[in-house]
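Remarks on the structure that follows.
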Amino acid sequence: MSILQIIEFSAVVTSALYGALIAHRKGMDFVGLFSLGFVVAFGGGTLRDLFLDRHPLFWIANGHYPVIVFFLTLAGSVLPGLLTRIEKHLAFPDALGTGLFTIVGTGYALDSGTSWFVASLIGVLTGTFGGVMADVISNELPSMFRPAPLQATCAFTGSWCYILGMQLPASEIWALPISILVVVLMRLAALKWNLQLPSANREHGGGGL
Amino acid sequence: MSILQIIEFSAVVTSALYGALIAHRKGMDFVGLFSLGFVVAFGGGTLRDLFLDRHPLFWIANGHYPVIVFFLTLAGSVLPGLLTRIEKHLAFPDALGTGLFTIVGTGYALDSGTSWFVASLIGVLTGTFGGVMADVISNELPSMFRPAPLQATCAFTGSWCYILGMQLPASEIWALPISILVVVLMRLAALKWNLQLPSANREHGGGGL
Amino acid sequence: MSILQIIEFSAVVTSALYGALIAHRKGMDFVGLFSLGFVVAFGGGTLRDLFLDRHPLFWIANGHYPVIVFFLTLAGSVLPGLLTRIEKHLAFPDALGTGLFTIVGTGYALDSGTSWFVASLIGVLTGTFGGVMADVISNELPSMFRPAPLQATCAFTGSWCYILGMQLPASEIWALPISILVVVLMRLAALKWNLQLPSANREHGGGGL
C-alpha cells in the first residue's frame, strides 16, 4: 500500500501544476489557479472515494496534500514566468498524472471488491475526471469529448494491463510500473501522432466542433 | 424489491441509448458515446445512492450494468446507421427512462425513511439528473432550465402519484406501473403539444435564451 | 450546535432567494427557479456532508428546508415583481449566505477532526460552491474564476478568523458572529470598491474574459 501512496503524492503534484497552468492560460487570479489545481489534483480521487465509500477522503486523510497544492499554485501565481516556462512541457506531467491516478484508482477499486470492468471504469474516472471537471468549470467542451488525441482509451488500456497483470505470479513488483508506463507511452504517442478514435462527423466530411 | 430491479434494468438500457444518441448527434467518438451513455444511465442513480448513503452504488453492485452500456454504445458506435434510425424515436425512450428512474428513486428514498417531499425531489433528481449532466458536459444550457416542454414537472407529478398511491390498500400491485404511466403520458403530451411552464421572459415579449 | 442550526436556516432562506433571482434574470420558469434556489441553498452543504460522510444530508434530516425553498421560489415565480424588487438588493443576502455557510461548514469540518487547513477549504467550499454550481448549470464561466470582486478570499479569511478564534478562551460566544461579520464586511467592501486579486491577463494589458 505504501508504494501506492508514493505514486499518489507524485500524481497530486503533477496534476496541481497542470490545473494551475490551465487557469494561468485563461488569465485567472490566484483563487482560480488554486481551485483548478485542486480540482485536477483531487477531483478524480474524490469521486473514486465517494463511489467506493472510502472515508475520510484521501485529501482529508492526507491533510498535507491540499497545503502542498496551495503553495505550488501560490508559487505559480507569484512567479508567472515559472508557469510559462513549464507551459511548453504540459504533455508529460499530464500523461504521468493520468497514468498514475488511473492505476491507483483501479487498485483501490479492486481492493474494494468491485468487478474487473467496474474497476477499470473507476480507474479511468480517477485518471481523467479532474481534467474533465477543469474543462467544465472553465466552460469548455471537455477535450475528452471532442475529436482529440486518445486519453480515456490510454487510461482504459493501462487499467486492463494492471487488472490482468495482477493475475500473474509476482505481479506486485512489475504490474504497477508497467501499467503506468503503458498509459504514459500511449498518451505521448497519441499526442505526437494525433491518434484519435473515429467520430461520426468524420464520415460526413465535416470537421469536429 | 425484485420488480424495482427489473424496471431499473430497462431504464438503464433506454437511458444508455439516449445518451449515446446525444453524443452521436454531437459528432463524438466512442469514448464520448460511452461516457454520455454512462452518465445518462447512471448519473441520476449515483446521486440518489450517494445522497441516501446506499452502498455499493447500484452500478457497482450490478457489475453487469456498465458492461451492457459498453456493448450497447459500442454497437451504436460501430453501426452509426442503427443510432440514426433510432434517432427519430428519441421521445419514447426518453420519457420511459425518466418515468422508470423517477419512480424507482422515489421508492428507494421512501425506503430510507425520508419525508414525502424529499422523496419526491430525489425521485425527480434520479429521473432527470442524467440528462442535465449530459447537457452540462456537452456544454449546453440544460433543456430543463430553458423554456422547453415539461420534464421535471411530469416526474414530480408521477412521483406524488406513487407516494400517495402507496398509502392506499393493495397499492404494491398498481401504484408502480400507474405512476410510471403518468410520467410517460404527461411527457409525451408535453412534447406533442409543446406544453411549457410560463417563464419570466414571456411577459416581456422576449424569446428564451 | 443549536446556534449553528439557526444560522443554517437563515443561510438557506437567503441562498434560495439568491438562486431564484439568478434564474429569474435568465428568464427561467418555475422548475428553473426552484432548481437554482435548491442548488445555491443546498449545493455547498451537500458537498460538505458527502465529503465529511455526514448522513443523512442536512436537507434530508431537516425535511422542512426543501419545502421552504419550494414555497419561497413559488412565491418568487407567481409574484415576479417581488423578485424584481429584491433584485436591487442582491449584494447583502449573497454576502450573508456566503458568510453563514462558510463558518458553519468550517465548524462541522473541525468537529469531524479534519486539519485546520482542510477545515478552512471545506468552509470556503460550503460558502461558495452553490453559486459556482448555479453558474456552471446556467452555462456561464463561474464569477469566482473570472476577474471579479473578492469572494473566496473573503470566505477564506473569515474561516481562519473562526479557526484561530476558537483557540481563545470563551470563544463560543463571539468567534461565530465575528467571523461571519468579517466575511460579510469584506465581501461588501470588495463589491463597493471592486477589490480584486491580480490576474495574469492584467500583465499583458488585456481585459478579463
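Naming scheme: A, B, ... for chains in displayed order of the C-alpha cells; residues 1 onward per chain; ligands 1 onward as shown.
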Would you tabulate, counting only C-alpha atoms, all residues of region 98-144 of chain B that have an atom at most 12 Å from an atom of region 7-11 of chain B, showing the closest pair of atoms and their distance in Å to one decimal, sorted by chain then ascending number, as a tab-separated table?
residue	atom	partner	partner_atom	distance
B:Thr98	CA	B:Ala11	CA	7.9
B:Gly99	CA	B:Ala11	CA	8.5
B:Leu100	CA	B:Ala11	CA	5.9
B:Phe101	CA	B:Ala11	CA	6.4
B:Thr102	CA	B:Ala11	CA	9.9
B:Ile103	CA	B:Ile7	CA	9.5
B:Val104	CA	B:Glu8	CA	7.2
B:Gly105	CA	B:Glu8	CA	9.6
B:Gly107	CA	B:Glu8	CA	11.7
B:Tyr108	CA	B:Glu8	CA	11.6
B:Thr126	CA	B:Ala11	CA	11.0
B:Gly127	CA	B:Ala11	CA	9.6
B:Gly130	CA	B:Ala11	CA	11.6
Selection above as a file: C-alpha atoms, as a short mmCIF file (atom, residue, chain, number, x, y, z; two decimals), in the first residue's frame:
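This is the output file selection_6.cif:
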data_model
loop_
_atom_site.label_atom_id
_atom_site.label_comp_id
_atom_site.auth_asym_id
_atom_site.auth_seq_id
_atom_site.Cartn_x
_atom_site.Cartn_y
_atom_site.Cartn_z
CA THR B 98 -37.45 9.45 -16.94
CA GLY B 99 -40.56 7.71 -15.66
CA LEU B 100 -38.85 4.49 -14.60
CA PHE B 101 -35.95 6.19 -12.81
CA THR B 102 -38.19 8.72 -11.10
CA ILE B 103 -40.48 6.15 -9.54
CA VAL B 104 -37.60 3.81 -8.57
CA GLY B 105 -35.78 6.75 -6.99
CA GLY B 107 -39.33 4.23 -3.82
CA TYR B 108 -35.73 3.97 -2.60
CA THR B 126 -32.95 10.39 -10.23
CA GLY B 127 -35.16 10.73 -13.28
CA GLY B 130 -28.57 12.17 -16.05
#
Contact set, chain B to chain A: 6 Å, only C-alpha atoms, as a PDB file with N, CA and C atoms, in the first residue's frame:
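Writing the result to result03.pdb gives the following:
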ATOM      1  N   GLY B  27     -21.372  14.419 -32.847  1.00  0.00           N
ATOM      2  CA  GLY B  27     -20.181  14.007 -33.579  1.00  0.00           C
ATOM      3  C   GLY B  27     -19.066  13.502 -32.687  1.00  0.00           C
ATOM      4  N   MET B  28     -19.412  12.980 -31.494  1.00  0.00           N
ATOM      5  CA  MET B  28     -18.370  12.473 -30.595  1.00  0.00           C
ATOM      6  C   MET B  28     -17.921  11.079 -31.020  1.00  0.00           C
ATOM      7  N   ASP B  29     -16.744  10.659 -30.530  1.00  0.00           N
ATOM      8  CA  ASP B  29     -16.234   9.323 -30.821  1.00  0.00           C
ATOM      9  C   ASP B  29     -16.759   8.325 -29.792  1.00  0.00           C
ATOM     10  N   GLY B  32     -16.863   9.357 -26.169  1.00  0.00           N
ATOM     11  CA  GLY B  32     -17.975  10.261 -25.913  1.00  0.00           C
ATOM     12  C   GLY B  32     -19.295   9.527 -25.826  1.00  0.00           C
ATOM     13  N   GLY B  63     -22.634  -5.266 -11.431  1.00  0.00           N
ATOM     14  CA  GLY B  63     -21.467  -5.041 -12.287  1.00  0.00           C
ATOM     15  C   GLY B  63     -21.749  -5.296 -13.758  1.00  0.00           C
ATOM     16  N   SER B 138     -21.817  18.400 -22.288  1.00  0.00           N
ATOM     17  CA  SER B 138     -21.675  18.771 -23.701  1.00  0.00           C
ATOM     18  C   SER B 138     -21.840  20.278 -23.860  1.00  0.00           C
ATOM     19  N   ASN B 139     -21.752  20.981 -22.723  1.00  0.00           N
ATOM     20  CA  ASN B 139     -21.616  22.439 -22.710  1.00  0.00           C
ATOM     21  C   ASN B 139     -22.835  23.171 -23.260  1.00  0.00           C
TER      22      ASN B 139
END
Selection: 9 Å around Ser179 (chain A), only C-alpha atoms, excl. self and same-chain fewer than 5 positions, as an MDAnalysis selection string
chainID A and resid 99:100 103 157:162 165 174 184
Which of region 6-142 of chain C fall in alpha helix (DSSP H), as number ranges by chain
C: 6-25, 30-52, 58-61, 64-78, 80-87, 91-111, 116-137
A:Met166, A:Leu191, A:Val12, A:Leu36: which is nearest Phe58 (chain A), counting only C-alpha atoms?
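Closest candidate: A:Val12.
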What's the 9 Å shell around Trp59 (chain B), counting only C-alpha atoms, without same-chain residues fewer than 6 positions away, as a PyMOL selection string?
(chain A and resi 118) or (chain B and resi 42+45-46+65-66)
Using Å and a single decimal, report how far CA of Leu47 (chain C) sits from CA of Gly43 (chain A).
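Between these atoms lies a distance of 12.4 Å.
Comparing the minimum interatomic distances between Gly123 (chain B) and each of B:Leu110, B:Val182, B:Ala170, B:Leu83, counting only C-alpha atoms, we find that B:Leu110 sits nearest.
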When you draw a straight line from CA of Ala155 (chain A) to CA of Leu21 (chain A), how long is it in Å?
21.8 Å
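Here CA of Tyr18 (chain C) stands at a distance of 12.6 Å from CA of Arg85 (chain C).
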So that I can see what lies close to Phe38 (chain B), please list as a VMD selection string the residues with an atom at most 7 Å from it, counting only C-alpha atoms and leaving out residues fewer than 3 positions away in the same chain.
chain B and resid 16 34 to 35 41 to 42 69
